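What follows is the content of my_file08.pdb (PDB, C-alpha atoms and all ligand atoms).
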ATOM      1  CA  MET F   1      17.707  12.973  -1.518
ATOM      2  CA  ILE F   2      16.988  15.170  -4.508
ATOM      3  CA  GLU F   3      20.116  16.495  -6.204
ATOM      4  CA  GLN F   4      20.203  20.233  -5.591
ATOM      5  CA  MET F   5      19.860  22.367  -8.715
ATOM      6  CA  LYS F   6      20.408  26.095  -9.228
ATOM      7  CA  LYS F   7      16.960  27.588  -9.834
ATOM      8  CA  ILE F   8      13.268  26.964  -9.284
ATOM      9  CA  TRP F   9      10.536  28.863 -11.089
ATOM     10  CA  MET F  10       8.073  30.246  -8.568
ATOM     11  CA  ASP F  11       5.070  32.478  -9.166
ATOM     12  CA  GLY F  12       6.401  33.903 -12.405
ATOM     13  CA  LYS F  13      10.134  34.129 -11.880
ATOM     14  CA  LEU F  14      13.255  32.067 -11.417
ATOM     15  CA  ILE F  15      14.622  32.122  -7.886
ATOM     16  CA  ASP F  16      17.511  30.357  -6.154
ATOM     17  CA  TRP F  17      16.852  26.736  -5.210
ATOM     18  CA  ASP F  18      17.246  27.474  -1.473
ATOM     19  CA  GLN F  19      14.824  30.394  -1.631
ATOM     20  CA  ALA F  20      11.914  28.291  -2.946
ATOM     21  CA  CYS F  21      10.286  27.906   0.476
ATOM     22  CA  VAL F  22       6.762  27.967   1.884
ATOM     23  CA  HIS F  23       5.408  28.652   5.373
ATOM     24  CA  VAL F  24       4.682  25.698   7.666
ATOM     25  CA  LEU F  25       1.027  26.786   7.771
ATOM     26  CA  THR F  26       0.656  26.504   3.993
ATOM     27  CA  HIS F  27      -2.836  25.094   3.457
ATOM     28  CA  THR F  28      -1.888  22.345   0.997
ATOM     29  CA  LEU F  29       0.711  20.972   3.405
ATOM     30  CA  HIS F  30      -2.099  20.299   5.890
ATOM     31  CA  TYR F  31      -5.071  19.302   3.748
ATOM     32  CA  GLY F  32      -3.511  18.014   0.515
ATOM     33  CA  MET F  33      -5.493  20.155  -1.921
ATOM     34  CA  GLY F  34      -2.957  20.987  -4.571
ATOM     35  CA  VAL F  35      -2.346  19.651  -8.063
ATOM     36  CA  PHE F  36       0.879  18.604  -9.709
ATOM     37  CA  GLU F  37       2.474  16.968 -12.710
ATOM     38  CA  GLY F  38       5.426  14.703 -13.414
ATOM     39  CA  ILE F  39       7.082  15.233 -16.796
ATOM     40  CA  ARG F  40      10.325  13.971 -18.319
ATOM     41  CA  CYS F  41      12.916  15.577 -20.517
ATOM     42  CA  TYR F  42      15.258  13.408 -22.572
ATOM     43  CA  ARG F  43      18.522  14.045 -24.353
ATOM     44  CA  CYS F  44      17.703  13.073 -27.922
ATOM     45  CA  ALA F  45      19.815  11.297 -30.513
ATOM     46  CA  SER F  46      20.485  14.659 -32.207
ATOM     47  CA  GLY F  47      22.153  15.941 -29.027
ATOM     48  CA  ARG F  48      19.290  18.340 -28.287
ATOM     49  CA  SER F  49      16.972  17.841 -25.349
ATOM     50  CA  ALA F  50      13.213  17.530 -25.630
ATOM     51  CA  VAL F  51      10.312  17.384 -23.210
ATOM     52  CA  PHE F  52       8.016  14.410 -23.799
ATOM     53  CA  ARG F  53       4.350  15.337 -24.376
ATOM     54  CA  LEU F  54       4.646  18.660 -22.554
ATOM     55  CA  GLU F  55       1.343  19.950 -23.858
ATOM     56  CA  ASP F  56      -0.535  16.847 -22.720
ATOM     57  CA  HIS F  57       0.954  17.094 -19.249
ATOM     58  CA  LEU F  58       0.028  20.765 -18.979
ATOM     59  CA  ASP F  59      -3.491  19.998 -20.222
ATOM     60  CA  ARG F  60      -3.781  17.414 -17.434
ATOM     61  CA  LEU F  61      -2.430  19.912 -14.881
ATOM     62  CA  LEU F  62      -5.052  22.458 -15.926
ATOM     63  CA  SER F  63      -7.749  19.812 -15.937
ATOM     64  CA  SER F  64      -6.701  18.622 -12.442
ATOM     65  CA  ALA F  65      -6.863  22.252 -11.278
ATOM     66  CA  HIS F  66     -10.296  22.693 -12.872
ATOM     67  CA  ILE F  67     -11.605  19.554 -11.139
ATOM     68  CA  ALA F  68     -10.090  20.739  -7.848
ATOM     69  CA  THR F  69     -11.416  24.303  -8.411
ATOM     70  CA  ILE F  70      -7.904  25.689  -8.054
ATOM     71  CA  THR F  71      -7.481  28.663 -10.352
ATOM     72  CA  ILE F  72      -3.938  28.648 -11.679
ATOM     73  CA  PRO F  73      -2.939  32.282 -12.287
ATOM     74  CA  PHE F  74      -0.906  31.394 -15.409
ATOM     75  CA  SER F  75      -1.905  30.375 -18.917
ATOM     76  CA  LYS F  76      -0.844  27.106 -20.507
ATOM     77  CA  GLU F  77       1.617  29.047 -22.679
ATOM     78  CA  GLU F  78       3.139  30.727 -19.623
ATOM     79  CA  LEU F  79       3.489  27.357 -17.884
ATOM     80  CA  GLU F  80       5.107  25.873 -20.981
ATOM     81  CA  GLU F  81       7.562  28.769 -21.036
ATOM     82  CA  ALA F  82       8.218  28.264 -17.297
ATOM     83  CA  VAL F  83       9.114  24.588 -17.827
ATOM     84  CA  LEU F  84      11.525  25.352 -20.665
ATOM     85  CA  LEU F  85      13.041  28.287 -18.778
ATOM     86  CA  THR F  86      13.640  26.178 -15.660
ATOM     87  CA  LEU F  87      15.322  23.397 -17.644
ATOM     88  CA  LYS F  88      17.601  25.899 -19.356
ATOM     89  CA  ALA F  89      18.404  27.801 -16.147
ATOM     90  CA  ASN F  90      19.589  24.547 -14.589
ATOM     91  CA  ASP F  91      21.406  23.250 -17.691
ATOM     92  CA  LEU F  92      19.412  20.057 -17.279
ATOM     93  CA  GLU F  93      19.622  17.990 -20.445
ATOM     94  CA  GLU F  94      17.762  14.995 -19.108
ATOM     95  CA  GLY F  95      15.606  14.631 -16.027
ATOM     96  CA  TYR F  96      12.317  15.118 -14.295
ATOM     97  CA  ILE F  97      10.037  18.169 -14.191
ATOM     98  CA  ARG F  98       7.629  18.836 -11.336
ATOM     99  CA  PRO F  99       5.069  21.640 -11.723
ATOM    100  CA  ILE F 100       2.840  22.140  -8.677
ATOM    101  CA  ALA F 101      -0.010  24.531  -7.861
ATOM    102  CA  PHE F 102      -0.953  24.838  -4.232
ATOM    103  CA  ILE F 103      -3.069  26.854  -1.828
ATOM    104  CA  ALA F 104      -1.130  29.412   0.179
ATOM    105  CA  GLU F 105      -1.828  32.522   2.205
ATOM    106  CA  SER F 106      -5.235  31.494   3.382
ATOM    107  CA  SER F 107      -6.957  31.053   6.681
ATOM    108  CA  MET F 108      -6.817  27.615   8.271
ATOM    109  CA  GLY F 109      -9.701  25.188   8.119
ATOM    110  CA  VAL F 110     -10.542  22.726   5.376
ATOM    111  CA  TYR F 111     -12.088  25.253   2.991
ATOM    112  CA  PRO F 112     -10.593  28.701   3.437
ATOM    113  CA  LYS F 113     -12.825  30.438   0.818
ATOM    114  CA  ASP F 114     -10.344  33.198   0.025
ATOM    115  CA  TYR F 115      -6.901  32.026  -0.845
ATOM    116  CA  LYS F 116      -3.949  32.598  -3.084
ATOM    117  CA  VAL F 117      -2.750  29.897  -5.454
ATOM    118  CA  ARG F 118       1.011  29.646  -5.835
ATOM    119  CA  VAL F 119       2.757  27.793  -8.632
ATOM    120  CA  ALA F 120       6.242  26.334  -8.844
ATOM    121  CA  VAL F 121       8.254  24.351 -11.370
ATOM    122  CA  ALA F 122      11.271  22.384 -10.199
ATOM    123  CA  VAL F 123      13.546  20.135 -12.250
ATOM    124  CA  TRP F 124      16.226  17.639 -11.271
ATOM    125  CA  PRO F 125      18.019  14.565 -12.642
ATOM    126  CA  TRP F 126      16.050  11.396 -11.936
ATOM    127  CA  GLY F 127      16.927   7.950 -13.248
ATOM    128  CA  ALA F 128      14.513   5.065 -13.708
ATOM    129  CA  TYR F 129      11.965   5.276 -10.863
ATOM    130  CA  LEU F 130      11.789   1.512 -10.399
ATOM    131  CA  GLY F 131      15.491   1.077 -11.181
ATOM    132  CA  GLU F 132      17.456   0.393 -14.383
ATOM    133  CA  GLU F 133      17.375  -3.290 -13.530
ATOM    134  CA  GLY F 134      13.566  -3.048 -13.217
ATOM    135  CA  VAL F 135      13.217  -1.464 -16.668
ATOM    136  CA  ARG F 136      15.501  -4.143 -18.138
ATOM    137  CA  ASN F 137      14.370  -7.321 -16.427
ATOM    138  CA  GLY F 138      11.155  -6.453 -14.630
ATOM    139  CA  ILE F 139      10.005  -5.796 -11.087
ATOM    140  CA  ARG F 140       8.257  -7.840  -8.405
ATOM    141  CA  ALA F 141       4.811  -6.503  -7.531
ATOM    142  CA  LYS F 142       2.295  -7.184  -4.798
ATOM    143  CA  ILE F 143      -1.464  -6.830  -4.841
ATOM    144  CA  SER F 144      -2.089  -4.191  -2.193
ATOM    145  CA  SER F 145      -4.334  -4.556   0.814
ATOM    146  CA  PHE F 146      -5.236  -0.899   0.145
ATOM    147  CA  THR F 147      -8.037  -0.216  -2.351
ATOM    148  CA  ARG F 148      -7.690   2.483  -5.019
ATOM    149  CA  HIS F 149      -9.891   5.559  -4.669
ATOM    150  CA  HIS F 150     -13.591   5.238  -5.351
ATOM    151  CA  VAL F 151     -14.619   7.657  -8.112
ATOM    152  CA  ASN F 152     -16.787   9.581  -5.686
ATOM    153  CA  VAL F 153     -14.391   9.601  -2.759
ATOM    154  CA  SER F 154     -11.591  11.478  -4.469
ATOM    155  CA  MET F 155     -11.359  12.704  -8.012
ATOM    156  CA  THR F 156      -9.332  10.008  -9.705
ATOM    157  CA  LYS F 157      -8.738  11.852 -12.987
ATOM    158  CA  ALA F 158      -7.054  14.713 -11.200
ATOM    159  CA  LYS F 159      -3.477  14.519 -10.006
ATOM    160  CA  ILE F 160      -4.323  15.913  -6.577
ATOM    161  CA  CYS F 161      -1.590  15.921  -3.914
ATOM    162  CA  GLY F 162      -3.794  14.357  -1.229
ATOM    163  CA  ASN F 163      -4.656  11.381  -3.467
ATOM    164  CA  TYR F 164      -1.108  10.209  -2.945
ATOM    165  CA  ALA F 165      -1.617   9.343   0.737
ATOM    166  CA  ASN F 166      -3.293   6.189  -0.619
ATOM    167  CA  SER F 167      -0.304   5.567  -2.931
ATOM    168  CA  PHE F 168       2.149   6.093  -0.065
ATOM    169  CA  LEU F 169       0.433   3.485   2.117
ATOM    170  CA  ALA F 170       0.286   0.941  -0.693
ATOM    171  CA  LYS F 171       3.884   1.492  -1.793
ATOM    172  CA  LYS F 172       5.182   1.299   1.785
ATOM    173  CA  GLU F 173       3.342  -1.933   2.409
ATOM    174  CA  ALA F 174       4.785  -3.468  -0.780
ATOM    175  CA  VAL F 175       8.347  -2.280  -0.161
ATOM    176  CA  ASP F 176       8.286  -3.369   3.500
ATOM    177  CA  ALA F 177       7.202  -6.819   2.327
ATOM    178  CA  GLY F 178      10.202  -6.982  -0.016
ATOM    179  CA  TYR F 179       8.433  -6.089  -3.296
ATOM    180  CA  ASP F 180       9.169  -3.226  -5.676
ATOM    181  CA  GLU F 181       5.678  -1.887  -6.304
ATOM    182  CA  ALA F 182       2.040  -2.188  -5.216
ATOM    183  CA  ILE F 183      -0.857  -2.965  -7.545
ATOM    184  CA  LEU F 184      -4.145  -1.636  -6.228
ATOM    185  CA  LEU F 185      -7.582  -3.063  -6.948
ATOM    186  CA  ASP F 186     -10.590  -0.815  -7.464
ATOM    187  CA  THR F 187     -13.544  -0.686  -5.092
ATOM    188  CA  GLU F 188     -15.180  -3.557  -6.974
ATOM    189  CA  GLY F 189     -12.091  -5.718  -6.755
ATOM    190  CA  TYR F 190     -10.780  -5.356 -10.316
ATOM    191  CA  VAL F 191      -7.155  -4.511 -11.083
ATOM    192  CA  CYS F 192      -6.867  -0.713 -11.200
ATOM    193  CA  GLU F 193      -3.348   0.724 -11.272
ATOM    194  CA  ALA F 194      -0.094   0.779  -9.331
ATOM    195  CA  SER F 195       0.853   3.399  -6.727
ATOM    196  CA  GLY F 196       2.178   5.729  -9.441
ATOM    197  CA  GLU F 197       1.725   3.847 -12.721
ATOM    198  CA  ASN F 198      -0.921   2.420 -15.028
ATOM    199  CA  ILE F 199      -0.929  -1.296 -15.731
ATOM    200  CA  PHE F 200      -1.124  -3.441 -18.873
ATOM    201  CA  ILE F 201      -1.296  -7.199 -19.396
ATOM    202  CA  VAL F 202      -0.774  -9.266 -22.542
ATOM    203  CA  ARG F 203      -2.686 -12.471 -23.119
ATOM    204  CA  LYS F 204      -2.546 -14.390 -26.397
ATOM    205  CA  ARG F 205      -0.943 -11.314 -28.012
ATOM    206  CA  VAL F 206      -3.831  -9.014 -26.994
ATOM    207  CA  LEU F 207      -2.952  -6.017 -24.840
ATOM    208  CA  LYS F 208      -5.386  -5.182 -22.060
ATOM    209  CA  THR F 209      -5.523  -2.206 -19.702
ATOM    210  CA  PRO F 210      -8.217  -0.991 -17.293
ATOM    211  CA  PRO F 211     -10.578   1.645 -18.775
ATOM    212  CA  LEU F 212     -10.528   5.312 -17.779
ATOM    213  CA  ALA F 213     -12.830   4.880 -14.800
ATOM    214  CA  SER F 214     -10.982   5.049 -11.478
ATOM    215  CA  ILE F 215      -7.443   5.311 -12.869
ATOM    216  CA  LEU F 216      -5.338   8.381 -13.525
ATOM    217  CA  PRO F 217      -5.387   8.957 -17.308
ATOM    218  CA  GLY F 218      -1.683   8.380 -17.822
ATOM    219  CA  VAL F 219       0.149  10.139 -20.619
ATOM    220  CA  THR F 220       2.459   7.126 -20.967
ATOM    221  CA  ARG F 221      -0.581   4.825 -21.043
ATOM    222  CA  ASP F 222      -1.946   6.891 -23.916
ATOM    223  CA  ALA F 223       1.432   6.724 -25.694
ATOM    224  CA  VAL F 224       1.451   2.919 -25.365
ATOM    225  CA  LEU F 225      -2.082   2.714 -26.809
ATOM    226  CA  HIS F 226      -0.928   4.687 -29.865
ATOM    227  CA  ILE F 227       2.299   2.727 -30.292
ATOM    228  CA  ALA F 228       0.495  -0.623 -29.946
ATOM    229  CA  SER F 229      -2.061   0.254 -32.575
ATOM    230  CA  ASP F 230       0.778   1.335 -34.922
ATOM    231  CA  MET F 231       2.391  -2.051 -34.303
ATOM    232  CA  ASP F 232      -0.902  -3.786 -35.117
ATOM    233  CA  VAL F 233      -1.160  -5.145 -31.595
ATOM    234  CA  ARG F 234      -4.817  -5.469 -30.613
ATOM    235  CA  VAL F 235      -5.678  -3.411 -27.528
ATOM    236  CA  VAL F 236      -8.714  -3.595 -25.272
ATOM    237  CA  GLU F 237      -9.537  -1.189 -22.492
ATOM    238  CA  GLU F 238     -11.394  -3.511 -20.186
ATOM    239  CA  ARG F 239     -11.523  -4.421 -16.522
ATOM    240  CA  PHE F 240      -9.697  -7.581 -15.450
ATOM    241  CA  THR F 241      -9.332  -9.522 -12.236
ATOM    242  CA  ARG F 242      -6.216 -10.304 -10.238
ATOM    243  CA  ASP F 243      -6.292 -13.946 -11.358
ATOM    244  CA  GLU F 244      -6.303 -12.777 -14.976
ATOM    245  CA  LEU F 245      -3.196 -10.759 -14.110
ATOM    246  CA  TYR F 246      -1.588 -13.788 -12.414
ATOM    247  CA  SER F 247      -2.184 -15.920 -15.510
ATOM    248  CA  ALA F 248      -1.293 -13.297 -18.159
ATOM    249  CA  ASP F 249       1.578 -13.981 -20.557
ATOM    250  CA  GLU F 250       3.124 -10.571 -19.892
ATOM    251  CA  ALA F 251       2.512  -7.507 -17.735
ATOM    252  CA  PHE F 252       4.072  -4.074 -17.443
ATOM    253  CA  LEU F 253       3.626  -0.692 -15.786
ATOM    254  CA  THR F 254       3.628   2.688 -17.509
ATOM    255  CA  GLY F 255       4.323   6.106 -16.041
ATOM    256  CA  THR F 256       6.416   9.177 -16.585
ATOM    257  CA  ALA F 257       8.713   8.250 -13.708
ATOM    258  CA  ALA F 258       8.624   4.479 -14.295
ATOM    259  CA  GLU F 259       8.540   4.780 -18.125
ATOM    260  CA  ILE F 260       7.800   1.211 -19.312
ATOM    261  CA  THR F 261       8.754  -1.203 -16.555
ATOM    262  CA  PRO F 262       7.994  -4.897 -17.069
ATOM    263  CA  ILE F 263       6.519  -6.922 -14.198
ATOM    264  CA  ARG F 264       8.319 -10.221 -13.742
ATOM    265  CA  GLU F 265       6.393 -11.490 -10.747
ATOM    266  CA  VAL F 266       3.104 -10.757  -8.956
ATOM    267  CA  ASP F 267       2.533 -12.160  -5.457
ATOM    268  CA  GLY F 268       5.225 -14.790  -5.991
ATOM    269  CA  ARG F 269       3.814 -15.901  -9.353
ATOM    270  CA  LYS F 270       6.144 -15.569 -12.328
ATOM    271  CA  MET F 271       4.703 -13.662 -15.289
ATOM    272  CA  GLY F 272       4.742 -15.850 -18.389
ATOM    273  CA  LYS F 273       7.619 -18.099 -19.394
ATOM    274  CA  ASN F 274      10.517 -15.709 -19.610
ATOM    275  CA  PRO F 275       9.678 -12.137 -18.567
ATOM    276  CA  PRO F 276       9.831  -9.544 -20.006
ATOM    277  CA  GLY F 277       7.807 -10.988 -22.855
ATOM    278  CA  GLU F 278       8.109 -10.204 -26.533
ATOM    279  CA  ILE F 279       5.344  -7.574 -26.811
ATOM    280  CA  THR F 280       6.546  -5.746 -23.695
ATOM    281  CA  ARG F 281      10.066  -5.689 -25.109
ATOM    282  CA  SER F 282       9.009  -4.310 -28.492
ATOM    283  CA  LEU F 283       6.754  -1.637 -26.953
ATOM    284  CA  ARG F 284       9.544  -0.634 -24.581
ATOM    285  CA  LYS F 285      12.032  -0.326 -27.451
ATOM    286  CA  ARG F 286       9.634   1.800 -29.525
ATOM    287  CA  PHE F 287       8.870   3.972 -26.512
ATOM    288  CA  PHE F 288      12.522   4.713 -25.754
ATOM    289  CA  ASP F 289      13.206   5.389 -29.450
ATOM    290  CA  ILE F 290      10.314   7.856 -29.496
ATOM    291  CA  VAL F 291      11.267   9.791 -26.350
ATOM    292  CA  ARG F 292      14.820  10.110 -27.671
ATOM    293  CA  GLY F 293      13.630  11.483 -30.998
ATOM    294  CA  LYS F 294      14.664   8.428 -33.035
ATOM    295  CA  ASP F 295      11.218   7.889 -34.547
ATOM    296  CA  GLU F 296      10.236  10.589 -37.037
ATOM    297  CA  ARG F 297       6.543   9.702 -36.848
ATOM    298  CA  TYR F 298       6.313  10.851 -33.240
ATOM    299  CA  LEU F 299       8.342  14.053 -33.321
ATOM    300  CA  SER F 300       5.156  16.020 -32.621
ATOM    301  CA  TRP F 301       5.238  14.538 -29.097
ATOM    302  CA  LEU F 302       8.527  16.309 -28.387
ATOM    303  CA  THR F 303       9.090  19.918 -27.425
ATOM    304  CA  PHE F 304      12.718  20.716 -28.124
ATOM    305  CA  LEU F 305      14.571  23.120 -25.836
TER     306      LEU F 305
HETATM  307  N1  LIG C   1      -1.361   6.433 -12.095
HETATM  308  C1  LIG C   1      -0.922   7.169 -11.066
HETATM  309  C2  LIG C   1      -1.622   7.051  -9.762
HETATM  310  C3  LIG C   1       0.173   8.039 -11.216
HETATM  311  O1  LIG C   1       0.600   8.773 -10.192
HETATM  312  C4  LIG C   1       0.817   8.124 -12.468
HETATM  313  C5  LIG C   1       1.988   9.042 -12.640
HETATM  314  N2  LIG C   1       1.601  10.320 -13.039
HETATM  315  C6  LIG C   1       0.323   7.332 -13.522
HETATM  316  C7  LIG C   1      -0.767   6.503 -13.301
HETATM  317  C8  LIG C   1       0.950   7.384 -14.888
HETATM  318  O2  LIG C   1       0.712   8.622 -15.505
HETATM  319  P1  LIG C   1       1.733   9.262 -16.544
HETATM  320  O3  LIG C   1       2.023   8.201 -17.549
HETATM  321  O4  LIG C   1       1.017  10.407 -17.100
HETATM  322  O5  LIG C   1       2.944   9.644 -15.773
END

Final structure tokens representation of the file:
Amino acid sequence: MIEQMKKIWMDGKLIDWDQACVHVLTHTLHYGMGVFEGIRCYRCASGRSAVFRLEDHLDRLLSSAHIATITIPFSKEELEEAVLLTLKANDLEEGYIRPIAFIAESSMGVYPKDYKVRVAVAVWPWGAYLGEEGVRNGIRAKISSFTRHHVNVSMTKAKICGNYANSFLAKKEAVDAGYDEAILLDTEGYVCEASGENIFIVRKRVLKTPPLASILPGVTRDAVLHIASDMDVRVVEERFTRDELYSADEAFLTGTAAEITPIREVDGRKMGKNPPGEITRSLRKRFFDIVRGKDERYLSWLTFL
């Protein structure tokens, strides 16, 4: 269960956690057309807290809303203020931030035409999504029997609530089979992404990740691309097959919730000689230094409270 906090920001003001309710006939609850974000706040080395890449997350929220034709009745600046206000109101120094915009007060039916969009921002403490042990030593993943969205079936660049029914099915299948996470292939059979993370492999010291076609454009993925190029690690954004994943030297997942989580096994096949591999370990170290404000070069990615 989520640890209960004091306040949630809803439609322009902070209200008590227990009061942040919606009606059972809320449109998004039935049809899944809402957009959301997942953002993290870290307690930095200086003792102050900072939100990681807040502006980029809010840009993606607004872009998701634009794709979904959901008009968010707040500006980016107002949403930024709402995030910071909610963190402060809950005295949360480190944790997870969940903005959501959803369709409410409408008629029923798939497309209600006239509707009100409501917006909320909740925050709570949330440790490593795939476990501390997963971040340290790697997780076991399974290629899913569920295919990732086709680019013309759902809008893959938007973080739309309903898109996650596909993620739910894949994750459940993997967990029920004793794995930690599902890796989904795209409609052409190439490796796409995990249920809530982007994926990278390393082969002969070259980093490879699927291009921005049917994946969610991850903020952490983008951070890793920057960090790798600063470390002079060659990166290619190119499709690859599941057997290329099986035979890679290293593999890892990236996501706000999962941060950088190495993969130590896929479908019973060990990744490389001694996972996590060297490049995964150095990227992970740089990443955690950056989010905790220990790397001066990346301070522009942090919004301090
Ligand atoms: N793919 C999917 C399907 C996701 O849900 C997420 C999490 N938002 C990601 C990738 C990673 O994105 P980010 O690094 O921005 O959290």

Enumerate, as a PDB file with C-alpha atoms, keeping the file's coordinate frame, the residues matched when the PyMOL selection byres (((chain F and resi 56) around 12) and not hetatm) is run on the file above.
ATOM      1  CA  GLU F  37       2.474  16.968 -12.710  1.00  0.00           C
ATOM      2  CA  GLY F  38       5.426  14.703 -13.414  1.00  0.00           C
ATOM      3  CA  ILE F  39       7.082  15.233 -16.796  1.00  0.00           C
ATOM      4  CA  VAL F  51      10.312  17.384 -23.210  1.00  0.00           C
ATOM      5  CA  PHE F  52       8.016  14.410 -23.799  1.00  0.00           C
ATOM      6  CA  ARG F  53       4.350  15.337 -24.376  1.00  0.00           C
ATOM      7  CA  LEU F  54       4.646  18.660 -22.554  1.00  0.00           C
ATOM      8  CA  GLU F  55       1.343  19.950 -23.858  1.00  0.00           C
ATOM      9  CA  HIS F  57       0.954  17.094 -19.249  1.00  0.00           C
ATOM     10  CA  LEU F  58       0.028  20.765 -18.979  1.00  0.00           C
ATOM     11  CA  ASP F  59      -3.491  19.998 -20.222  1.00  0.00           C
ATOM     12  CA  ARG F  60      -3.781  17.414 -17.434  1.00  0.00           C
ATOM     13  CA  LEU F  61      -2.430  19.912 -14.881  1.00  0.00           C
ATOM     14  CA  LEU F  62      -5.052  22.458 -15.926  1.00  0.00           C
ATOM     15  CA  SER F  63      -7.749  19.812 -15.937  1.00  0.00           C
ATOM     16  CA  LYS F  76      -0.844  27.106 -20.507  1.00  0.00           C
ATOM     17  CA  GLU F  80       5.107  25.873 -20.981  1.00  0.00           C
ATOM     18  CA  PRO F 217      -5.387   8.957 -17.308  1.00  0.00           C
ATOM     19  CA  GLY F 218      -1.683   8.380 -17.822  1.00  0.00           C
ATOM     20  CA  VAL F 219       0.149  10.139 -20.619  1.00  0.00           C
ATOM     21  CA  THR F 220       2.459   7.126 -20.967  1.00  0.00           C
ATOM     22  CA  ASP F 222      -1.946   6.891 -23.916  1.00  0.00           C
ATOM     23  CA  ALA F 223       1.432   6.724 -25.694  1.00  0.00           C
ATOM     24  CA  SER F 300       5.156  16.020 -32.621  1.00  0.00           C
ATOM     25  CA  TRP F 301       5.238  14.538 -29.097  1.00  0.00           C
ATOM     26  CA  LEU F 302       8.527  16.309 -28.387  1.00  0.00           C
ATOM     27  CA  THR F 303       9.090  19.918 -27.425  1.00  0.00           C
TER      28      THR F 303
END

Worksheet item: Which of these, F:Glu94, F:Glu78, F:Tyr179, F:Ala120, has the shortest distance to Cys44 in chain F once you count only C-alpha atoms?
Response: F:Glu94

For the provided coordinates, the residues matched by the PyMOL selection byres (((chain F and resi 90) around 12) and not hetatm) should be stated as a PDB file with C-alpha atoms, keeping the file's coordinate frame.
ATOM      1  CA  GLU F   3      20.116  16.495  -6.204  1.00  0.00           C
ATOM      2  CA  GLN F   4      20.203  20.233  -5.591  1.00  0.00           C
ATOM      3  CA  MET F   5      19.860  22.367  -8.715  1.00  0.00           C
ATOM      4  CA  LYS F   6      20.408  26.095  -9.228  1.00  0.00           C
ATOM      5  CA  LYS F   7      16.960  27.588  -9.834  1.00  0.00           C
ATOM      6  CA  ILE F   8      13.268  26.964  -9.284  1.00  0.00           C
ATOM      7  CA  TRP F   9      10.536  28.863 -11.089  1.00  0.00           C
ATOM      8  CA  LEU F  14      13.255  32.067 -11.417  1.00  0.00           C
ATOM      9  CA  ILE F  15      14.622  32.122  -7.886  1.00  0.00           C
ATOM     10  CA  ASP F  16      17.511  30.357  -6.154  1.00  0.00           C
ATOM     11  CA  TRP F  17      16.852  26.736  -5.210  1.00  0.00           C
ATOM     12  CA  VAL F  83       9.114  24.588 -17.827  1.00  0.00           C
ATOM     13  CA  LEU F  84      11.525  25.352 -20.665  1.00  0.00           C
ATOM     14  CA  LEU F  85      13.041  28.287 -18.778  1.00  0.00           C
ATOM     15  CA  THR F  86      13.640  26.178 -15.660  1.00  0.00           C
ATOM     16  CA  LEU F  87      15.322  23.397 -17.644  1.00  0.00           C
ATOM     17  CA  LYS F  88      17.601  25.899 -19.356  1.00  0.00           C
ATOM     18  CA  ALA F  89      18.404  27.801 -16.147  1.00  0.00           C
ATOM     19  CA  ASP F  91      21.406  23.250 -17.691  1.00  0.00           C
ATOM     20  CA  LEU F  92      19.412  20.057 -17.279  1.00  0.00           C
ATOM     21  CA  GLU F  93      19.622  17.990 -20.445  1.00  0.00           C
ATOM     22  CA  GLU F  94      17.762  14.995 -19.108  1.00  0.00           C
ATOM     23  CA  GLY F  95      15.606  14.631 -16.027  1.00  0.00           C
ATOM     24  CA  TYR F  96      12.317  15.118 -14.295  1.00  0.00           C
ATOM     25  CA  ILE F  97      10.037  18.169 -14.191  1.00  0.00           C
ATOM     26  CA  VAL F 121       8.254  24.351 -11.370  1.00  0.00           C
ATOM     27  CA  ALA F 122      11.271  22.384 -10.199  1.00  0.00           C
ATOM     28  CA  VAL F 123      13.546  20.135 -12.250  1.00  0.00           C
ATOM     29  CA  TRP F 124      16.226  17.639 -11.271  1.00  0.00           C
ATOM     30  CA  PRO F 125      18.019  14.565 -12.642  1.00  0.00           C
TER      31      PRO F 125
END

Worksheet entry | Interatomic distance, CA of Thr147 in chain F to CA of Glu265 in chain F (Å, one decimal) |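 We find that CA of Thr147 in chain F and CA of Glu265 in chain F lie 20.1 Å from each other.
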
Discussion item. Using the chain letters and numbers from this file, what does the PyMOL selection byres (((chain F and resi 267) around 8) and not hetatm) select? Give the answer as an NGL selection string.
Written reply: :F and (140-143 or 265-266 or 268-269)
